Amino acid sequence: MTVTSGGREQRARGRGGGPAHRLYSVVVFVVLASLDNVAIGLVPPLYGPIARTFDVSTGLLGVVTAVSFLVSAVAAVGWAYVGDRGNRKPLLMVGTLLWAAGTGGSALAGGYLTFLAAQFVAAVGLGAVGSVGFSVVTDLISPARRGLVMSFWGLSQGVGTLAGTLVGGLLGATDWRRPFLLLTGVGLTATVAYLFTYDIRRGQSQPELVDALDSGAEYDYRISRADLPRILDRRTNRWLILQGLTAQAAFGSLVWLPRLFAERAEAQGYSESTAVVVGSVFATLFQLGGVLSIVGGLVGDAAQRRTPRGRAVVAAVGILAALPFYLVLFFVPVTIDVPDGGSGGAVVGAVLASVFTEPSVGLSLLTAVVALALTSANSPNWFALIADVNPPEHRGTVYSLGNLVNGVGRAAGNGLVWGAFQGLRTAFPPPLNFAVGLAAFQLFFIPTGVMYWLASRSSPTDIDNVHNLLHTRAERL
C-alpha cells in the first residue's frame, strides 16, 4: 500500500498536536458526549408544563421522547457509515449544529407539532455525536486502557443525562423554555470548539499498527457494503447489538424516575412546581451511582488481562446483580420535607439535607447508588468490546447498529411503560402505579445478562481474529 502526498499531509496534521492539544481534543469530545445527553434528559422533567402549554396529554410528550430516541438511532447508522469511510471531523460539527438548531427550535415552538419537528431535527444531529464520536475516541485509546477510558466516555453521557434532568427541573420549573435556550447557546459554542481539535488518525491506537504508522505508512482501509455481512457474522457483535433491545427497555423506563418522585411529592400535598423540582433532584441524586462506571471499566480491564472473556463476564454479573436493588428502590417509602413554593435553591437544599436527616431518603439513596454502580459496568465494557472485536474501520458502524437497537429498546421502554402506568392505575393508585410499572420493566435486565454471558463465550475467538487481521495488514502497509 503506497503513501500518497495527501496521506503525508494528513499525517502531518495528525502529528501536529502536542500533549496539550490531544488533551484539549479529548476534553471536547467527552464534553460533547455529555451535551447530547443533556438534550435527551431535558424534556422528561418538564412533561407537565410543556403538555399544559400545548394543551396535550403528558403521554404525547412521552411519545416525543420515545420517537426521538428512535430517530437519533436510525440517523446514527447513516452518520457512522459515512464517518467510517471518510473525514469524521466535519460530520461531528454538522451534527452538533443540527441538534443545537433543533433544541433552539424546541424553545421557540408555538404548538405540539412544531415542538415535535424541532425535537426530531435535534435527534438527527445527536445521532452523529454518539456514533462518529465513538469511532474517533477509540482511535485514541490502547486496548489495555479501553475499559477505563470508555468509562469516562460513558460517564460523561450519564452525567449529561443527570445535568439535563437537573437543569430541566430547576431552570424550567417556572418557564420550561429557558433550559432549551441555554443548551442551544452551549451547542453553538461547542461547534466552535471543534474547529481546534486534533485530527486523530484511524487505527493509531492499535499496537499491531504502531510500527507501520510510525514508519510513515497510512492505514487507509475503509468500510464498504460488502463488509456489512461480515460484521454481523461475528457472533460477539450479534450479542452486543441484541442485548441493547432488552437493556434499553429497562433503562428507557427510568426516564420516568423524576415523575415517580414528583408524584410522591404531590401525593404528600406539595404543589406541582415544587414537585417537579423535588422529582428532578431526587432522580439526579439516585443516579449518582453511575459515577462508579469508572470502577466497572477498571474491573473490566483487569478481567480482560486475565481472560479474553473478562469484559463480557463483568458486564453480565453487574447487570444481573443490580436487579434486586432496583426492585427495592421503587418501593422504599420516602418522606419528603421541603418548603412548598420555596425557591429552587431552598428545595434543593432541603432534599440534600434529608439524605442525612430522613432514614428513608438515605436508604433509597444507598439502594440506588448500588443499583446504578452495578449496571454501570455495562457501558464501558460494551464500548470496549465493540472496539476489541472489530477493526478500526468497522467500529463506528457497529456502534451505530448497536445504538439503533438500543434506540428501539429505549423507545419501547419509554413508551410502553407509560401505557403500563395507565393500565395499573385501576389496581394501584398513583404513585404506586409508577413504582410497580418501573419495577416490572427492570426484569428486562435478565435476558440482557444472559446475552452478555453468551458474548463472553464468543469474544475470545473474535478478538484473536481481529488481532491476526491487523498484523497481516501491518505487514502490507
# chains A, B, ... in the order shown; residues from 1 in each chain; ligands from 1
$ residues_around --residues "Leu260 in chain A" --least-positions-apart "2" --cutoff "8 Å" --atoms "only C-alpha atoms" --output "PyMOL selection string"
chain A and resi 256-258+262-264+279+431+434-435
$ closest_residue --among "A:Ala109, A:Leu320, A:Met451, A:Leu213" --to "Arg235 in chain A" --atoms "only C-alpha atoms"
A:Met451
$ select_by_dssp --residues "range 207-376 of chain A" --states "helix (DSSP H, G or I)" --output "PyMOL selection string"
chain A and resi 207-214+227-233+235-267+272-286+288-306+310-331+344-357+359-375
$ closest_residue --among "A:Val313, A:Val370, A:Leu438, A:Val351" --to "Val450 in chain A" --atoms "only C-alpha atoms"
A:Val313
$ residues_around --residues "Trp418 in chain A" --least-positions-apart "6" --cutoff "12 Å" --atoms "only C-alpha atoms" --output "PyMOL selection string"
chain A and resi 57-63+65-66+252-257+259-260+411-412+424-425+433-438+441
$ write_last_selection --atoms "N, CA and C atoms" --output "CSV table (one decimal), in the first residue's frame"
chain,number,residue,atom,x,y,z
A,57,SER,N,-51.9,15.8,26.2
A,57,SER,CA,-51.7,14.9,27.3
A,57,SER,C,-50.2,14.7,27.6
A,58,THR,N,-49.9,14.3,28.8
A,58,THR,CA,-48.5,14.0,29.2
A,58,THR,C,-47.9,12.9,28.3
A,59,GLY,N,-48.8,11.9,28.0
A,59,GLY,CA,-48.4,10.8,27.2
A,59,GLY,C,-47.9,11.1,25.9
A,60,LEU,N,-48.5,12.2,25.3
A,60,LEU,CA,-48.0,12.6,24.0
A,60,LEU,C,-46.6,13.2,24.1
A,61,LEU,N,-46.2,13.8,25.2
A,61,LEU,CA,-44.8,14.2,25.4
A,61,LEU,C,-43.9,13.0,25.5
A,62,GLY,N,-44.4,12.0,26.2
A,62,GLY,CA,-43.6,10.7,26.2
A,62,GLY,C,-43.4,10.2,24.9
A,63,VAL,N,-44.3,10.3,24.0
A,63,VAL,CA,-44.2,9.9,22.6
A,63,VAL,C,-43.0,10.6,21.9
A,65,THR,N,-40.3,11.9,23.3
A,65,THR,CA,-39.1,11.4,23.8
A,65,THR,C,-38.8,10.0,23.1
A,66,ALA,N,-39.8,9.1,23.1
A,66,ALA,CA,-39.6,7.8,22.6
A,66,ALA,C,-39.2,7.8,21.1
A,252,GLY,N,-34.7,2.7,29.4
A,252,GLY,CA,-35.6,3.7,28.9
A,252,GLY,C,-36.8,4.0,29.8
A,253,SER,N,-37.2,3.0,30.6
A,253,SER,CA,-38.3,3.3,31.5
A,253,SER,C,-37.8,4.2,32.6
A,254,LEU,N,-36.5,4.2,32.9
A,254,LEU,CA,-36.0,5.0,34.0
A,254,LEU,C,-36.1,6.5,33.8
A,255,VAL,N,-36.4,6.9,32.5
A,255,VAL,CA,-36.5,8.4,32.3
A,255,VAL,C,-37.8,8.9,33.1
A,256,TRP,N,-38.6,8.0,33.5
A,256,TRP,CA,-39.8,8.4,34.3
A,256,TRP,C,-39.5,8.5,35.8
A,257,LEU,N,-38.2,8.2,36.2
A,257,LEU,CA,-37.9,8.3,37.6
A,257,LEU,C,-38.2,9.7,38.2
A,259,ARG,N,-40.6,11.6,37.4
A,259,ARG,CA,-42.1,11.6,37.6
A,259,ARG,C,-42.5,10.8,38.8
A,260,LEU,N,-41.9,9.7,39.0
A,260,LEU,CA,-42.2,8.9,40.2
A,260,LEU,C,-42.1,9.7,41.5
A,411,ALA,N,-36.9,3.4,23.2
A,411,ALA,CA,-38.2,3.9,22.8
A,411,ALA,C,-39.3,3.1,23.3
A,412,ALA,N,-39.2,1.7,23.2
A,412,ALA,CA,-40.2,0.8,23.7
A,412,ALA,C,-40.4,0.9,25.2
A,424,LEU,N,-52.2,0.2,35.2
A,424,LEU,CA,-52.0,-0.2,36.6
A,424,LEU,C,-52.8,0.8,37.5
A,425,ARG,N,-53.3,1.9,37.0
A,425,ARG,CA,-54.0,2.9,37.9
A,425,ARG,C,-55.2,2.3,38.5
A,433,ASN,N,-48.7,3.1,41.1
A,433,ASN,CA,-48.7,2.5,39.8
A,433,ASN,C,-47.4,2.8,39.1
A,434,PHE,N,-46.7,3.9,39.4
A,434,PHE,CA,-45.4,4.2,38.8
A,434,PHE,C,-44.4,3.2,39.3
A,435,ALA,N,-44.4,3.0,40.6
A,435,ALA,CA,-43.4,2.1,41.2
A,435,ALA,C,-43.6,0.7,40.7
A,436,VAL,N,-44.8,0.2,40.6
A,436,VAL,CA,-45.0,-1.2,40.1
A,436,VAL,C,-44.6,-1.3,38.6
A,437,GLY,N,-44.9,-0.3,37.8
A,437,GLY,CA,-44.6,-0.3,36.4
A,437,GLY,C,-43.1,-0.3,36.2
A,438,LEU,N,-42.4,0.6,36.9
A,438,LEU,CA,-40.9,0.6,36.7
A,438,LEU,C,-40.3,-0.7,37.2
A,441,PHE,N,-40.5,-3.4,34.5
A,441,PHE,CA,-39.6,-3.2,33.4
A,441,PHE,C,-38.2,-3.5,33.7
$ closest_residue --among "A:Leu374, A:Ala302, A:Ala51, A:Leu432" --to "Leu148 in chain A" --atoms "only C-alpha atoms"
A:Ala302
$ closest_atom_pairs --of "range 46-92 of chain A" --to "range 390-395 of chain A" --cutoff "10 Å" --atoms "only C-alpha atoms" --output "Markdown table"
| residue | atom | partner | partner_atom | distance |
| --- | --- | --- | --- | --- |
| A:Ala80 | CA | A:Arg395 | CA | 8.6 |
| A:Tyr81 | CA | A:His394 | CA | 8.4 |
| A:Gly83 | CA | A:Glu393 | CA | 9.0 |
| A:Asp84 | CA | A:Glu393 | CA | 5.4 |
| A:Arg85 | CA | A:Glu393 | CA | 7.5 |
| A:Gly86 | CA | A:Glu393 | CA | 9.8 |
$ write_last_selection --atoms "C-alpha atoms" --output "PDB file, in the first residue's frame"
ATOM      1  CA  ALA A  80     -21.424   6.266  11.264  1.00  0.00           C
ATOM      2  CA  TYR A  81     -21.173   4.600   7.844  1.00  0.00           C
ATOM      3  CA  GLY A  83     -17.728   8.540   9.088  1.00  0.00           C
ATOM      4  CA  ASP A  84     -16.094   5.108   8.698  1.00  0.00           C
ATOM      5  CA  ARG A  85     -15.461   5.937   5.044  1.00  0.00           C
ATOM      6  CA  GLY A  86     -14.109   9.490   5.287  1.00  0.00           C
TER       7      GLY A  86
END
$ residues_around --residues "range 238-240 of chain A" --least-positions-apart "4" --cutoff "10 Å" --atoms "only C-alpha atoms" --output "ChimeraX atom specification"
/A:231-234,244-245,312,382-383,385-386,398-399,401-402,405,448,450-456,458-459
$ closest_residue --among "A:Val27, A:Val408, A:Ala440, A:Leu416" --to "Val149 in chain A" --atoms "only C-alpha atoms"
A:Val27
$ residues_around --residues "Ser135 in chain A" --least-positions-apart "4" --cutoff "7 Å" --atoms "only C-alpha atoms" --output "PyMOL selection string"
chain A and resi 131+139+395-396
$ write_last_selection --atoms "N, CA and C atoms" --output "CSV table (one decimal), in the first residue's frame"
chain,number,residue,atom,x,y,z
A,131,SER,N,-22.2,8.3,17.4
A,131,SER,CA,-21.6,7.2,16.6
A,131,SER,C,-20.3,7.6,16.0
A,139,ASP,N,-9.9,5.5,18.6
A,139,ASP,CA,-8.6,5.6,17.9
A,139,ASP,C,-7.6,6.3,18.8
A,395,ARG,N,-15.8,0.1,13.5
A,395,ARG,CA,-16.3,0.4,14.9
A,395,ARG,C,-17.5,1.4,14.9
A,396,GLY,N,-17.4,2.5,14.2
A,396,GLY,CA,-18.5,3.4,14.2
A,396,GLY,C,-19.8,2.8,13.7
$ closest_residue --among "A:Val278, A:Ala373, A:Val348, A:Ser156" --to "Tyr326 in chain A" --atoms "only C-alpha atoms"
A:Ala373
$ residues_around --residues "Asn381 in chain A" --least-positions-apart "5" --cutoff "9 Å" --atoms "only C-alpha atoms" --output "list of chain:residue names"
A:Arg146, A:Gly147, A:Leu148, A:Met150, A:Ser151, A:Gly296, A:Gly297, A:Gly300, A:Asp301, A:Arg311, A:Ala312, A:Val314, A:Ala315, A:Ile386
$ write_last_selection --atoms "N, CA and C atoms" --output "PDB file, in the first residue's frame"
ATOM      1  N   ARG A 146      -8.912   0.489  27.410  1.00  0.00           N
ATOM      2  CA  ARG A 146     -10.209   0.814  26.825  1.00  0.00           C
ATOM      3  C   ARG A 146     -11.328   0.875  27.859  1.00  0.00           C
ATOM      4  N   GLY A 147     -11.334  -0.065  28.789  1.00  0.00           N
ATOM      5  CA  GLY A 147     -12.400  -0.069  29.780  1.00  0.00           C
ATOM      6  C   GLY A 147     -12.405   1.196  30.606  1.00  0.00           C
ATOM      7  N   LEU A 148     -11.217   1.614  31.073  1.00  0.00           N
ATOM      8  CA  LEU A 148     -11.117   2.807  31.906  1.00  0.00           C
ATOM      9  C   LEU A 148     -11.529   4.057  31.150  1.00  0.00           C
ATOM     10  N   MET A 150     -13.136   4.367  28.269  1.00  0.00           N
ATOM     11  CA  MET A 150     -14.519   4.340  27.813  1.00  0.00           C
ATOM     12  C   MET A 150     -15.494   4.519  28.968  1.00  0.00           C
ATOM     13  N   SER A 151     -15.039   4.264  30.198  1.00  0.00           N
ATOM     14  CA  SER A 151     -15.906   4.553  31.344  1.00  0.00           C
ATOM     15  C   SER A 151     -16.101   6.061  31.473  1.00  0.00           C
ATOM     16  N   GLY A 296     -16.275  -0.042  37.112  1.00  0.00           N
ATOM     17  CA  GLY A 296     -16.633  -1.098  36.169  1.00  0.00           C
ATOM     18  C   GLY A 296     -15.642  -1.202  35.025  1.00  0.00           C
ATOM     19  N   GLY A 297     -15.160  -0.054  34.541  1.00  0.00           N
ATOM     20  CA  GLY A 297     -14.160  -0.058  33.478  1.00  0.00           C
ATOM     21  C   GLY A 297     -12.834  -0.632  33.941  1.00  0.00           C
ATOM     22  N   GLY A 300     -13.209  -4.321  34.366  1.00  0.00           N
ATOM     23  CA  GLY A 300     -13.239  -4.942  33.043  1.00  0.00           C
ATOM     24  C   GLY A 300     -11.861  -5.049  32.431  1.00  0.00           C
ATOM     25  N   ASP A 301     -11.028  -3.983  32.561  1.00  0.00           N
ATOM     26  CA  ASP A 301      -9.652  -4.037  32.050  1.00  0.00           C
ATOM     27  C   ASP A 301      -8.858  -5.134  32.753  1.00  0.00           C
ATOM     28  N   ARG A 311     -14.285  -8.841  29.997  1.00  0.00           N
ATOM     29  CA  ARG A 311     -15.194  -7.692  29.944  1.00  0.00           C
ATOM     30  C   ARG A 311     -16.656  -8.147  29.924  1.00  0.00           C
ATOM     31  N   ALA A 312     -16.958  -9.128  29.104  1.00  0.00           N
ATOM     32  CA  ALA A 312     -18.341  -9.569  28.966  1.00  0.00           C
ATOM     33  C   ALA A 312     -18.848 -10.205  30.255  1.00  0.00           C
ATOM     34  N   VAL A 314     -17.853  -9.444  33.329  1.00  0.00           N
ATOM     35  CA  VAL A 314     -18.080  -8.347  34.277  1.00  0.00           C
ATOM     36  C   VAL A 314     -19.417  -7.667  34.001  1.00  0.00           C
ATOM     37  N   ALA A 315     -19.723  -7.415  32.728  1.00  0.00           N
ATOM     38  CA  ALA A 315     -20.990  -6.776  32.377  1.00  0.00           C
ATOM     39  C   ALA A 315     -22.176  -7.668  32.748  1.00  0.00           C
ATOM     40  N   ILE A 386     -16.805  -3.608  21.684  1.00  0.00           N
ATOM     41  CA  ILE A 386     -17.010  -3.269  20.273  1.00  0.00           C
ATOM     42  C   ILE A 386     -15.665  -2.961  19.615  1.00  0.00           C
TER      43      ILE A 386
END
$ closest_residue --among "A:Arg145, A:Leu116, A:Ala33, A:His21" --to "Val64 in chain A" --atoms "only C-alpha atoms"
A:Leu116
